[in-house]
Every structure is written in structure tokens, then in C-alpha cells.
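Undergrad: Sharing my_file.cif below, mmCIF, C-alpha atoms:
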```cif
data_data
loop_
_atom_site.label_atom_id
_atom_site.label_comp_id
_atom_site.auth_asym_id
_atom_site.auth_seq_id
_atom_site.Cartn_x
_atom_site.Cartn_y
_atom_site.Cartn_z
CA MET A 1 88.07 -13.40 -26.75
CA THR A 2 86.24 -10.44 -28.23
CA THR A 3 82.67 -9.40 -27.79
CA ASP A 4 81.98 -11.20 -31.02
CA SER A 5 81.83 -14.41 -29.04
CA LEU A 6 78.39 -13.49 -27.79
CA THR A 7 77.22 -12.09 -31.08
CA THR A 8 78.59 -15.11 -32.89
CA ARG A 9 76.73 -17.40 -30.55
CA ILE A 10 73.55 -15.42 -31.07
CA THR A 11 73.93 -15.70 -34.81
CA ALA A 12 74.52 -19.42 -34.47
CA LEU A 13 71.20 -19.69 -32.68
CA SER A 14 69.37 -18.36 -35.71
CA PRO A 15 66.37 -20.69 -35.96
CA THR A 16 65.48 -22.77 -38.92
CA PRO A 17 62.04 -21.52 -39.97
CA PRO A 18 59.50 -24.03 -38.67
CA THR A 19 57.62 -26.14 -41.12
CA LEU A 20 53.99 -25.17 -41.16
CA ASP A 21 51.58 -27.95 -40.43
CA PRO A 22 50.52 -29.00 -43.95
CA ASP A 23 46.84 -29.46 -43.16
CA TRP A 24 46.62 -26.17 -41.31
CA SER A 25 48.65 -24.43 -43.99
CA GLU A 26 46.48 -25.48 -46.90
CA ALA A 27 43.22 -24.91 -45.01
CA THR A 28 44.32 -21.47 -43.85
CA LEU A 29 45.53 -20.48 -47.29
CA ALA A 30 42.19 -21.52 -48.78
CA GLY A 31 40.38 -19.53 -46.11
CA ILE A 32 42.43 -16.42 -46.79
CA LEU A 33 41.95 -16.69 -50.55
CA ALA A 34 38.21 -16.97 -49.98
CA ASP A 35 38.22 -13.63 -48.20
CA ASP A 36 36.44 -10.96 -50.17
CA ARG A 37 39.23 -8.45 -50.64
CA ALA A 38 37.09 -5.77 -52.25
CA ALA A 39 34.41 -5.92 -49.58
CA ALA A 40 36.99 -5.78 -46.81
CA ARG A 41 38.65 -2.74 -48.33
CA THR A 42 35.33 -0.92 -48.81
CA ALA A 43 34.34 -1.64 -45.23
CA ALA A 44 37.68 -0.35 -43.96
CA VAL A 45 37.30 2.90 -45.87
CA ARG A 46 33.78 3.30 -44.55
CA ARG A 47 34.97 2.73 -40.99
CA ARG A 48 37.79 5.26 -41.40
CA ARG A 49 35.38 7.88 -42.75
CA ALA A 50 32.94 7.27 -39.92
CA ARG A 51 35.73 7.64 -37.40
CA ARG A 52 36.89 10.89 -38.91
CA ARG A 53 33.37 12.24 -38.63
CA THR A 54 33.17 11.42 -34.94
CA ALA A 55 36.65 12.64 -34.13
CA ILE A 56 36.35 16.28 -35.16
CA GLY A 57 37.78 18.01 -32.15
CA LEU A 58 38.64 16.53 -28.83
CA GLY A 59 35.64 18.04 -27.05
CA LEU A 60 33.20 16.54 -29.50
CA ALA A 61 34.87 13.18 -29.34
CA LEU A 62 34.72 13.09 -25.57
CA SER A 63 31.09 14.19 -25.56
CA ALA A 64 30.26 11.44 -27.98
CA VAL A 65 31.92 8.84 -25.78
CA GLY A 66 30.07 10.07 -22.71
CA THR A 67 26.73 10.05 -24.49
CA THR A 68 27.26 6.61 -25.92
CA THR A 69 28.17 5.26 -22.53
CA ALA A 70 25.17 6.77 -20.81
CA VAL A 71 22.71 5.46 -23.38
CA ALA A 72 24.20 1.99 -23.51
CA LEU A 73 24.94 1.68 -19.82
CA ASP A 74 23.02 -1.53 -19.30
CA GLY A 75 24.43 -3.08 -22.46
CA PRO A 76 28.21 -3.30 -22.44
CA ILE A 77 28.41 -3.40 -18.65
CA GLU A 78 26.23 -6.49 -18.48
CA VAL A 79 28.19 -8.22 -21.20
CA VAL A 80 31.47 -7.38 -19.50
CA SER A 81 30.15 -8.63 -16.14
CA GLY A 82 28.94 -11.83 -17.71
CA ALA A 83 32.19 -12.45 -19.53
CA ILE A 84 34.27 -11.93 -16.40
CA MET A 85 32.04 -14.08 -14.23
CA ASP A 86 32.05 -16.86 -16.81
CA PHE A 87 35.83 -16.61 -16.90
CA ALA A 88 36.04 -16.80 -13.11
CA ARG A 89 33.91 -19.93 -13.06
CA GLN A 90 36.26 -21.81 -15.35
CA PRO A 91 38.61 -24.11 -13.44
CA ASN A 92 42.24 -23.20 -12.97
CA THR A 93 42.08 -19.59 -14.08
CA THR A 94 43.26 -16.42 -12.41
CA GLY A 95 39.60 -15.56 -11.95
CA ASN A 96 39.02 -18.32 -9.41
CA GLY A 97 38.12 -16.96 -5.97
CA LEU A 98 36.58 -13.87 -7.50
CA GLY A 99 33.91 -13.43 -4.84
CA GLU A 100 31.27 -10.85 -5.72
CA LEU A 101 32.08 -8.86 -8.82
CA HIS A 102 31.54 -5.13 -8.47
CA GLU A 103 29.97 -3.37 -11.41
CA PRO A 104 32.48 -2.86 -14.22
CA GLU A 105 33.28 0.70 -15.19
CA LEU A 106 34.36 2.06 -18.52
CA VAL A 107 37.96 3.28 -18.40
CA ALA A 108 38.13 4.67 -21.91
CA GLN A 109 36.60 4.28 -25.31
CA PHE A 110 37.96 5.96 -28.39
CA ASP A 111 38.70 5.50 -32.07
CA THR A 112 42.03 4.30 -33.34
CA ASP A 113 43.25 3.77 -36.87
CA HIS A 114 42.12 0.16 -36.76
CA GLY A 115 38.84 0.51 -34.93
CA VAL A 116 37.40 1.29 -31.53
CA PHE A 117 39.48 0.77 -28.43
CA ALA A 118 37.44 0.20 -25.29
CA PHE A 119 38.55 -0.87 -21.85
CA TRP A 120 36.58 -1.69 -18.70
CA VAL A 121 37.76 -2.47 -15.20
CA ALA A 122 36.02 -4.15 -12.27
CA THR A 123 37.08 -5.08 -8.79
CA SER A 124 35.60 -7.79 -6.63
CA SER A 125 34.83 -8.47 -2.97
CA SER A 126 37.90 -10.69 -2.74
CA GLY A 127 40.16 -7.91 -4.02
CA LYS A 128 40.55 -9.20 -7.56
CA VAL A 129 41.08 -6.70 -10.36
CA CYS A 130 39.39 -7.73 -13.58
CA TYR A 131 39.21 -6.13 -16.97
CA ALA A 132 37.73 -6.43 -20.41
CA MET A 133 38.75 -4.79 -23.61
CA SER A 134 38.14 -4.61 -27.29
CA ASP A 135 40.92 -3.35 -29.53
CA GLY A 136 39.49 -2.84 -32.98
CA VAL A 137 37.05 -5.76 -32.83
CA TRP A 138 33.82 -4.27 -31.45
CA ASP A 139 32.65 -1.40 -33.65
CA GLY A 140 31.68 0.72 -30.64
CA THR A 141 27.97 0.80 -31.36
CA GLY A 142 25.30 -1.01 -29.43
CA THR A 143 26.47 -3.76 -27.16
CA PRO A 144 29.61 -5.84 -27.74
CA THR A 145 29.32 -9.58 -27.78
CA LYS A 146 31.43 -11.67 -25.45
CA GLN A 147 33.34 -12.90 -28.49
CA GLU A 148 34.40 -9.32 -29.24
CA LEU A 149 36.04 -8.90 -25.84
CA GLU A 150 39.28 -9.98 -24.22
CA TYR A 151 38.98 -10.31 -20.48
CA GLY A 152 40.59 -11.69 -17.39
CA CYS A 153 41.36 -11.15 -13.75
CA GLY A 154 44.54 -10.61 -11.77
CA GLY A 155 47.66 -12.36 -12.88
CA ALA A 156 50.96 -10.83 -13.87
CA ILE A 157 51.23 -7.67 -15.90
CA TRP A 158 54.16 -6.35 -17.85
CA VAL A 159 54.65 -2.83 -16.60
CA SER A 160 57.83 -1.99 -18.44
CA ASP A 161 60.46 -3.51 -20.66
CA ASP A 162 63.02 -2.87 -17.96
CA LEU A 163 61.11 -4.12 -14.95
CA PRO A 164 60.01 -7.57 -13.90
CA PRO A 165 56.31 -8.35 -14.14
CA GLN A 166 54.05 -7.34 -11.31
CA GLU A 167 51.03 -8.96 -9.85
CA LEU A 168 47.90 -7.07 -10.84
CA THR A 169 46.38 -5.93 -7.56
CA ALA A 170 45.15 -2.39 -8.29
CA PRO A 171 43.28 -0.87 -11.23
CA GLU A 172 45.89 1.88 -11.48
CA GLN A 173 48.40 -0.67 -12.76
CA LEU A 174 46.44 -1.15 -15.96
CA GLY A 175 47.10 0.78 -19.11
CA GLY A 176 50.07 2.62 -20.48
CA TYR A 177 51.38 4.24 -23.62
CA PHE A 178 51.59 2.05 -26.70
CA THR A 179 53.05 2.72 -30.10
CA ASP A 180 52.88 -0.68 -31.77
CA SER A 181 50.34 0.70 -34.20
CA GLU A 182 48.72 4.13 -33.95
CA PRO A 183 50.01 5.50 -30.62
CA LEU A 184 47.52 5.48 -27.81
CA VAL A 185 47.46 6.12 -24.10
CA TYR A 186 44.98 4.97 -21.53
CA GLY A 187 44.85 4.18 -17.86
CA ILE A 188 43.32 4.95 -14.51
CA SER A 189 44.38 7.97 -12.53
CA PRO A 190 46.13 7.10 -9.28
CA TRP A 191 44.80 10.40 -7.93
CA PRO A 192 41.02 10.08 -7.43
CA ALA A 193 40.60 13.87 -7.40
CA ALA A 194 41.93 14.17 -10.94
CA THR A 195 39.47 15.50 -13.49
CA GLN A 196 41.87 15.99 -16.36
CA VAL A 197 45.19 14.62 -17.50
CA ARG A 198 47.57 16.52 -19.69
CA VAL A 199 49.55 14.37 -22.11
CA GLN A 200 52.79 15.96 -23.28
CA ALA A 201 55.77 15.02 -25.40
CA ALA A 202 57.54 16.47 -28.41
CA GLY A 203 54.70 17.39 -30.76
CA VAL A 204 52.07 16.18 -28.30
CA ASP A 205 50.02 18.36 -25.95
CA ARG A 206 46.58 17.03 -25.10
CA LEU A 207 44.19 17.57 -22.27
CA LEU A 208 42.08 14.48 -21.67
CA GLU A 209 39.03 14.09 -19.47
CA VAL A 210 39.39 11.79 -16.46
CA ARG A 211 36.15 9.94 -15.94
CA ALA A 212 34.45 10.58 -12.62
CA ASP A 213 33.36 6.96 -12.17
CA SER A 214 36.39 4.85 -13.04
CA HIS A 215 38.98 7.66 -12.99
CA GLY A 216 39.92 6.35 -16.40
CA TYR A 217 41.23 8.26 -19.37
CA GLY A 218 42.49 7.47 -22.82
CA ALA A 219 42.92 8.62 -26.39
CA ALA A 220 44.62 7.77 -29.63
CA LEU A 221 47.62 10.00 -30.23
CA PRO A 222 48.35 9.90 -33.95
CA GLU A 223 50.60 12.93 -33.55
CA ALA A 224 52.86 10.87 -31.26
CA ALA A 225 54.22 8.65 -34.04
CA GLY A 226 57.88 8.07 -33.26
CA VAL A 227 57.57 9.48 -29.75
CA PRO A 228 58.96 6.94 -27.26
CA ARG A 229 57.44 8.32 -24.05
CA VAL A 230 54.83 10.76 -22.84
CA THR A 231 54.46 12.65 -19.59
CA LEU A 232 51.09 12.63 -17.90
CA THR A 233 50.20 15.47 -15.55
CA PHE A 234 47.07 14.89 -13.49
CA LEU A 235 45.03 17.97 -12.61
CA ASP A 236 42.17 18.49 -10.19
CA ALA A 237 39.03 20.50 -10.88
CA HIS A 238 40.87 23.71 -10.02
CA GLY A 239 43.71 22.99 -12.40
CA ARG A 240 46.11 22.12 -9.62
CA VAL A 241 48.76 19.52 -10.34
CA LEU A 242 48.20 16.33 -8.37
CA GLY A 243 51.15 14.43 -9.76
CA THR A 244 52.91 13.28 -12.89
CA GLN A 245 53.79 10.00 -14.50
CA VAL A 246 56.06 9.15 -17.41
CA LYS A 247 54.78 6.39 -19.65
CA VAL A 248 57.29 4.68 -21.89
CA ALA A 249 56.10 2.75 -24.88
CA PRO A 250 57.17 -0.88 -24.92
CA VAL A 251 59.25 -1.70 -27.96
CA GLY A 252 59.45 -4.84 -29.97
CA MET B 1 42.68 -18.21 -69.74
CA SER B 2 44.10 -16.89 -66.52
CA THR B 3 42.81 -13.65 -65.10
CA PRO B 4 44.68 -11.02 -63.06
CA GLU B 5 42.95 -12.46 -60.00
CA ASP B 6 44.40 -15.89 -60.80
CA ALA B 7 47.85 -14.34 -61.01
CA HIS B 8 47.27 -12.66 -57.65
CA GLU B 9 46.26 -15.94 -56.10
CA ALA B 10 49.24 -17.75 -57.54
CA ALA B 11 51.71 -15.12 -56.32
CA PHE B 12 50.10 -14.95 -52.91
CA SER B 13 50.03 -18.73 -52.56
CA GLU B 14 53.69 -18.88 -53.44
CA ALA B 15 54.47 -16.22 -50.84
CA TRP B 16 52.45 -18.13 -48.25
CA ARG B 17 54.38 -21.32 -48.79
CA ARG B 18 57.78 -19.63 -49.14
CA ASP B 19 57.57 -16.91 -46.50
CA GLY B 20 55.03 -18.37 -44.08
CA PRO B 21 57.69 -20.31 -42.18
CA ARG B 22 59.92 -17.22 -41.94
CA VAL B 23 57.06 -15.16 -40.60
CA ALA B 24 56.28 -17.98 -38.16
CA ALA B 25 59.91 -17.98 -37.03
CA TYR B 26 59.67 -14.24 -36.31
CA VAL B 27 56.33 -14.58 -34.53
CA ARG B 28 57.52 -17.51 -32.42
CA ARG B 29 59.88 -15.33 -30.43
CA HIS B 30 57.14 -12.83 -29.62
CA VAL B 31 54.14 -14.97 -28.69
CA THR B 32 53.62 -18.39 -27.20
CA SER B 33 53.38 -21.36 -29.50
CA ASP B 34 49.60 -21.47 -29.04
CA ASP B 35 49.26 -18.09 -30.74
CA VAL B 36 51.77 -18.41 -33.58
CA GLN B 37 49.34 -19.78 -36.16
CA ASP B 38 46.76 -17.10 -35.39
CA VAL B 39 49.29 -14.30 -35.85
CA VAL B 40 50.66 -15.79 -39.07
CA ALA B 41 47.17 -16.22 -40.48
CA GLU B 42 46.16 -12.67 -39.54
CA THR B 43 49.36 -11.31 -41.07
CA PHE B 44 48.75 -13.03 -44.38
CA LEU B 45 45.07 -12.11 -44.37
CA GLN B 46 46.10 -8.46 -44.16
CA ALA B 47 48.60 -9.09 -46.95
CA TRP B 48 45.94 -10.64 -49.15
CA ARG B 49 43.61 -7.68 -48.64
CA ARG B 50 46.38 -5.31 -49.71
CA TRP B 51 48.20 -7.57 -52.12
CA ASP B 52 48.29 -4.88 -54.81
CA ASP B 53 50.34 -2.70 -52.47
CA VAL B 54 52.61 -5.35 -50.97
CA PRO B 55 56.16 -5.03 -52.31
CA ASP B 56 58.03 -7.82 -54.02
CA PRO B 57 59.73 -9.54 -52.28
CA PRO B 58 57.16 -9.33 -49.52
CA ILE B 59 59.12 -10.70 -46.57
CA GLY B 60 59.96 -7.31 -45.02
CA TRP B 61 56.37 -6.13 -45.35
CA LEU B 62 55.11 -9.40 -43.90
CA ILE B 63 57.39 -9.21 -40.88
CA ALA B 64 56.48 -5.56 -40.34
CA THR B 65 52.81 -6.52 -40.44
CA ALA B 66 53.36 -9.49 -38.14
CA ARG B 67 55.06 -7.10 -35.73
CA LYS B 68 51.95 -4.93 -35.69
CA VAL B 69 49.66 -7.91 -35.25
CA VAL B 70 51.82 -9.09 -32.35
CA GLY B 71 51.78 -5.56 -30.96
CA ASN B 72 48.01 -5.39 -31.00
CA SER B 73 47.88 -8.71 -29.26
CA ARG B 74 50.46 -7.62 -26.69
CA ARG B 75 48.56 -4.44 -25.92
CA SER B 76 46.23 -6.70 -24.06
CA THR B 77 48.49 -9.51 -23.00
CA ARG B 78 51.07 -7.18 -21.52
CA ARG B 79 48.64 -6.28 -18.82
CA HIS B 80 46.65 -9.43 -18.76
CA THR B 81 47.09 -12.76 -17.14
CA ALA B 82 49.38 -14.22 -19.77
CA LEU B 83 52.80 -12.69 -19.32
CA ARG B 84 55.17 -13.65 -22.11
CA ASP B 85 58.47 -14.27 -20.56
CA ARG B 86 61.15 -13.02 -22.88
CA LEU B 87 63.67 -15.70 -22.13
CA GLY B 88 61.10 -18.43 -22.51
CA LEU B 89 60.09 -17.12 -25.90
CA LEU B 90 63.68 -16.86 -27.04
CA GLU B 91 64.37 -20.39 -25.85
CA GLN B 92 61.35 -21.61 -27.75
CA ALA B 93 62.44 -19.83 -30.90
CA ALA B 94 66.19 -20.36 -30.96
CA ARG B 95 68.00 -23.19 -32.66
CA PRO B 96 68.64 -26.12 -30.28
CA GLU B 97 72.19 -26.29 -28.90
CA ALA B 98 73.04 -29.48 -30.75
CA ASP B 99 72.07 -27.96 -34.10
CA ALA B 100 73.91 -24.76 -33.26
CA GLY B 101 77.06 -26.64 -32.32
CA MET B 102 77.38 -25.20 -28.86
CA LEU B 103 77.07 -26.22 -25.26
CA ALA B 104 73.74 -25.84 -23.55
CA THR B 105 75.36 -23.47 -21.06
CA ASP B 106 76.68 -21.27 -23.88
CA ARG B 107 73.29 -21.28 -25.54
CA MET B 108 71.58 -20.27 -22.35
CA ALA B 109 74.14 -17.55 -21.66
CA ALA B 110 73.61 -16.10 -25.13
CA LEU B 111 69.83 -16.20 -24.75
CA GLN B 112 70.03 -14.63 -21.32
CA ALA B 113 72.15 -11.84 -22.75
CA LEU B 114 69.61 -11.35 -25.52
CA ALA B 115 66.74 -11.34 -23.06
CA ALA B 116 68.52 -8.75 -20.95
CA LEU B 117 68.73 -6.31 -23.84
CA PRO B 118 66.13 -3.59 -24.19
CA ASP B 119 63.48 -4.75 -26.64
CA HIS B 120 64.42 -2.28 -29.37
CA HIS B 121 68.03 -3.41 -29.24
CA ARG B 122 67.14 -7.08 -29.35
CA GLU B 123 64.70 -6.52 -32.18
CA ALA B 124 67.32 -4.67 -34.22
CA LEU B 125 69.84 -7.47 -33.77
CA LEU B 126 67.52 -10.34 -34.48
CA LEU B 127 65.79 -8.92 -37.53
CA VAL B 128 69.17 -9.21 -39.20
CA ALA B 129 70.73 -12.18 -37.41
CA TRP B 130 67.70 -14.45 -37.19
CA ASP B 131 65.23 -13.18 -39.76
CA GLY B 132 67.86 -12.68 -42.42
CA LEU B 133 66.79 -9.16 -43.35
CA SER B 134 69.24 -6.63 -44.68
CA PRO B 135 69.82 -3.65 -42.38
CA ASP B 136 67.79 -1.46 -44.75
CA ALA B 137 64.89 -3.91 -44.77
CA ALA B 138 65.08 -4.20 -40.99
CA ALA B 139 64.96 -0.41 -40.76
CA ASP B 140 61.77 -0.49 -42.84
CA VAL B 141 60.25 -3.06 -40.51
CA LEU B 142 60.94 -0.85 -37.51
CA GLY B 143 59.87 2.31 -39.32
CA VAL B 144 63.19 4.05 -38.81
CA ARG B 145 65.79 5.46 -41.16
CA PRO B 146 68.62 3.13 -42.17
CA GLY B 147 71.11 5.36 -40.34
CA THR B 148 69.02 5.21 -37.20
CA PHE B 149 68.85 1.46 -37.50
CA ARG B 150 72.61 1.14 -37.81
CA VAL B 151 73.11 3.28 -34.73
CA ARG B 152 70.58 1.13 -32.86
CA ALA B 153 72.28 -2.08 -33.96
CA HIS B 154 75.66 -0.67 -32.94
CA ARG B 155 74.33 0.23 -29.51
CA ALA B 156 72.83 -3.22 -29.20
CA ARG B 157 76.20 -4.81 -29.88
CA ALA B 158 77.80 -2.44 -27.37
CA ALA B 159 75.17 -3.43 -24.83
CA LEU B 160 75.98 -7.06 -25.49
CA ALA B 161 79.63 -6.28 -24.91
CA ASP B 162 78.70 -4.88 -21.50
CA LEU B 163 76.91 -8.10 -20.71
CA GLU B 164 79.83 -10.28 -21.74
CA PRO B 165 81.11 -12.21 -18.72
CA PRO B 166 84.81 -12.07 -17.84
CA ALA B 167 86.98 -14.16 -20.13
CA ASP B 168 87.93 -16.66 -17.45
CA LEU B 169 84.26 -17.49 -16.87
CA ARG B 170 83.50 -18.19 -20.50
CA ALA B 171 83.49 -21.53 -22.18
CA ALA B 172 85.23 -21.90 -25.50
CA PRO B 173 83.18 -20.33 -28.25
CA ALA B 174 81.44 -22.32 -30.89
CA SER B 175 83.15 -21.91 -34.21
CA ARG B 176 80.63 -20.66 -36.71
CA PRO B 177 81.39 -18.01 -39.26
CA LEU B 178 79.30 -14.91 -39.52
CA THR B 179 77.02 -15.11 -42.47
CA GLU B 180 75.33 -12.45 -44.52
CA GLY B 181 72.48 -12.52 -42.09
CA GLY B 182 74.80 -12.36 -39.11
CA LEU B 183 75.48 -9.60 -36.67
CA ARG B 184 77.70 -6.90 -38.02
#
```
Let me see whether you can do it: turn the structure in this file into C-alpha cells.
TA:
Amino acid sequence: MTTDSLTTRITALSPTPPTLDPDWSEATLAGILADDRAAARTAAVRRRRARRRTAIGLGLALSAVGTTTAVALDGPIEVVSGAIMDFARQPNTTGNGLGELHEPELVAQFDTDHGVFAFWVATSSSGKVCYAMSDGVWDGTGTPTKQELEYGCGGAIWVSDDLPPQELTAPEQLGGYFTDSEPLVYGISPWPAATQVRVQAAGVDRLLEVRADSHGYGAALPEAAGVPRVTLTFLDAHGRVLGTQVKVAPVG
Amino acid sequence: MSTPEDAHEAAFSEAWRRDGPRVAAYVRRHVTSDDVQDVVAETFLQAWRRWDDVPDPPIGWLIATARKVVGNSRRSTRRHTALRDRLGLLEQAARPEADAGMLATDRMAALQALAALPDHHREALLLVAWDGLSPDAAADVLGVRPGTFRVRAHRARAALADLEPPADLRAAPASRPLTEGGLR
């Protein structure tokens, strides 16, 4: 037998496209056709222009994020806390047994090509690690609504395409390098003394601020298109190297 | 008298009914069944907003867009509570063994081999074998050059060969000819 036996079998398993539920199909089609295409396009252009204005230079962008966070401190944090605690109160979720939720901290907030990416993390008295994020839904101004956030606690996380899932037990496990749309990197430094992280790859050389509160960092990396992995070098306040990590983008 | 907007709507509606199931078939192996409709709807909503720029036929563009929608969703789910087990998704998406004319054990072995492949290898194989795209269209979906895609598909087949169990442990193969959409 040749290796075609496996490939032949895989081909034979080619699925028949599922029939769409007729009611759902017609209702969804009608809903899509009712969408105001022109308005959506204008809004997208306006958002892109606004983002370009706020993203002139890394230093300015980081300052803007810091300022926004300071001004709105009692806005997003309260919403994130509320969302996580509501989640934990629901029966049969990974948030059960949360205990006392510690105050969420912003890991990173930055613009991407499809909107604002923002990520918060919170631990709890029982050792749970919880998170909330918005990826292009919340516009980054004011306070997000609960409906604009995804959130949860603990559970399994997919750390790599080549490794089995891991139980989320530490904030440092969150984040990574992602290229499924505009490349971005974010995470939490495993070295608490880190103040900066250098992101390097072919055509990529960035120095990102590591937040003093959450030890989080993050940025969109449009120049990393086509780059499968980046190396992160964590630096302390004196520029000394604390350690490195390689982040590989999941594929598929 | 029909307007250009009417023509847009007619063409889009036709694409929805014709290609919606194919997009759903692609999406089904990347997200759980609960999320398939949401991803399909979001994919076509993006298509509608850019319908002037969507190529004809749209299937490659639609699958590429669905891939991005899935990717955005997985940015969160990869590190959230809902881990998508690759084998489970493939099992959910693949043709049942009876329809495929093979033993359940052979089906599972093939799906396990697929699940064991690196994602970019599996994606390259299945865009052609399951989604019926040409290698050039599949290259477009992945945003790579056709030559790069062919190399990737070749490496995927080689990786499958490495996963092939010894001949004496294999059951007799199902007899099914390779089709245009098959692995090459």
C-alpha cells in the first residue's frame, strides 16, 4: 500500500456541505440585505482615519493608552468586574468557586485594522485567573458595555498548535502572537521587573512598554505580515535582559 | 425596472444559497456547531458590505473571509474556557463512515492523522480535498503564492506519509478514486 491510502481516505471523508436551516437562512439573508452598506463603509473609513491619527508614533500611541486608562479607570474596570462576577455566578461554568475577585487590570489596549483590541486580567482569592477582552467590538472610548466584552475564568487554553491544551492557572499563560488578521502580540511578562519588551523578527523590531500594574504589553504589528514567529526579549529598567520567549502564531 | 442595487441583491442572494453551505462546511471544522451560523452570517455580512469588490465566483473570497472571522473568534477562544479540540471538530465535519464507504476504524485513523498534522499543513490539504478549491484558489485563501502553497501541500502529504502506520496494521483501503478536488 502506498501513502495514498491515507490521503485517499481523507479525500473520501470530504463532507457534503450541510443544508442550511431554511428558516434561519432566509431570515439571515433578509437581515444582511437590510444592512446599510454605504453607512457601514463610511463608518469603517472614519474609524480607520481616527486610528491613524492616534497611532502616529509608538510613543504617542502608548501615551494615549495610558491617559485613556487613567481617566477611565473606574469605568472599564467596573464593567469587567461585573461581567466576570456575573459569569462566575452562573451555574456550571468555569467561574464557579471564584471567591473574591481582585481588581481587574488592563493588560493592553491598542488599535488594530479592525478596531480596538483590549484585554484585562483578574485573579481571585481562590486562585482563579479571569479575563475580559474586546477585539474590534468596543470602540475604545468611554466605558465598554458588558455586551462588548468576551470574558471567562480558568479552563483550558490552547498554548500552541503542537502542544496539548493547558489549564489556565497563571496570568502569564494568556496572550500570544496572532496573525489571523492584522498581526498582533500581547501578553503578561513572566518577569515582574520587566519594564519593556523588545519584539523582533524579520522586518520587525519594536520596543513596547510593559505596564507596571498588570505587567502586560501588546501592540498591533502590521509590519509582521507573513512572519510566523516573533522573539520577545524582556528588559528591566536598566536595559538588562531578563529573559526571552518565542511566540509562534497559530495557523489555520 | 430593476436597479443596480436589485442586481446586487439578486447576485448576493444567489451566492448565499449556493455557497452558504460550502462556507458552513469549511467553518464546521474550525468552530463548534453552536458557532457555525454566527460565523457564516458574519462572513456574508462582510461580503455584502464589499460586494462590489468580491470576485466572481466568490467562493474563495468567502472562505478566506470565513477564515479571518474564525481567526478573530479563536484569538479569544484559544485562551479561553472553550478549547476546540481538533479531532472533535474534524469528526463533526467529516463525512460519516457509511457514506464514505469505509470502516469506522479507518475513518478514525484518517482523522487522527489529519488532527496530528500542523494546522497549516492540514489547512492546505483540506482546502483542496474538502472545500473543492483549486490549488491556486487555496493559495489565495491562505495569502501565499501558488508555488508556496504547492510546497506546503507536498510537505503535508509527506507528513501524512510519516504518520502512516505499518502495512500489516492497516485495514484494507476504501476504494474511492481521487477526484478533481482530491489530494494531489
Undergrad: Please expand the PyMOL selection byres ((chain B and resi 156) around 9) into the concrete residues it hits in this file, giving the result as a ChimeraX atom specification.
TA: /B:117-118,120-122,124-125,151-155,157-161
Undergrad: Once the PyMOL selection byres ((chain A and resi 212) around 9) has been applied to the shown file, what residues remain in the selection, as a list in words?
TA: Pro192, Ala193, Ala194, Thr195, Glu209, Val210, Arg211, Asp213, Ser214, His215 and Gly216 of chain A
Undergrad: Between B:Ala64, B:Ala7, B:Val39, B:Leu111, which is the closest to chain A once you count all atoms listed in the file?
TA: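 Result for the nearest residue to chain A: B:Leu111.
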Undergrad: Considering all atoms listed in the file, can you say which of B:Val144, B:Glu9, B:Pro96, B:Asp131 comes closest to Ala24 of chain B?
TA: B:Asp131
Undergrad: Between A:Val79, A:Ala108, A:Leu33, A:Val185, which is the closest to chain B once you count all atoms listed in the file?
TA: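 Closest residue, counting all atoms listed in the file: A:Leu33.
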Undergrad: At most 8 Å from (24.1, -5.5, -24.7), file frame, all atoms listed in the file: which residues, as an mmCIF file with C-alpha atoms, in the coordinates of the input?
TA:
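Result went into selection.cif, see below:
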```cif
data_model
loop_
_atom_site.group_PDB
_atom_site.id
_atom_site.type_symbol
_atom_site.label_atom_id
_atom_site.label_comp_id
_atom_site.auth_asym_id
_atom_site.auth_seq_id
_atom_site.Cartn_x
_atom_site.Cartn_y
_atom_site.Cartn_z
ATOM 1 C CA ALA A 72 24.200 1.990 -23.510
ATOM 2 C CA ASP A 74 23.020 -1.530 -19.300
ATOM 3 C CA GLY A 75 24.430 -3.080 -22.460
ATOM 4 C CA PRO A 76 28.210 -3.300 -22.440
ATOM 5 C CA ILE A 77 28.410 -3.400 -18.650
ATOM 6 C CA GLU A 78 26.230 -6.490 -18.480
ATOM 7 C CA VAL A 79 28.190 -8.220 -21.200
ATOM 8 C CA GLY A 142 25.300 -1.010 -29.430
ATOM 9 C CA THR A 143 26.470 -3.760 -27.160
ATOM 10 C CA PRO A 144 29.610 -5.840 -27.740
ATOM 11 C CA THR A 145 29.320 -9.580 -27.780
#
```
Undergrad: Please write the residues picked by the PyMOL selection byres ((chain A and resi 138) around 10) on this file as a VMD selection string.
TA: chain A and resid 115 to 118 133 to 137 139 to 149
Undergrad: Given all atoms listed in the file as the basis, pick out the residue of A:Ile32, A:Ala27, A:Val107, A:Leu13 nearest to Arg49 of chain B.
TA: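 Smallest separation from Arg49 of chain B among the options: A:Ile32.
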Undergrad: Which residue gives the smallest distance to chain A among B:Arg150, B:Arg18, B:Lys68, B:Arg28, with only C-alpha atoms counted?
TA: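 Once distances to chain A are computed over only C-alpha atoms, the minimum belongs to B:Lys68.
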Undergrad: Go through B:Val36, B:Ile59, B:Val31, B:Ala93 and flag the residue nearest chain A, using only C-alpha atoms for the distances.
TA: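 Distance minimum relative to chain A lands on B:Ala93.
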Undergrad: Could you check how far atom CA of Ala110 of chain B sits from atom CA of Arg29 of chain B, in Å to one decimal?
TA: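 One can read the atom CA of Ala110 of chain B to atom CA of Arg29 of chain B distance as 14.7 Å.
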Undergrad: Please indicate the distance in Å from atom CA of Ala41 of chain B to atom CA of Tyr186 of chain A, rounded to one decimal place.
TA: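 Atom-to-atom, atom CA of Ala41 of chain B and atom CA of Tyr186 of chain A are spaced 28.5 Å apart.
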Undergrad: Calculate how many Å separate atom CA of Ala100 of chain B from atom CA of Asp21 of chain A, rounding to one decimal.
TA: 23.7 Å
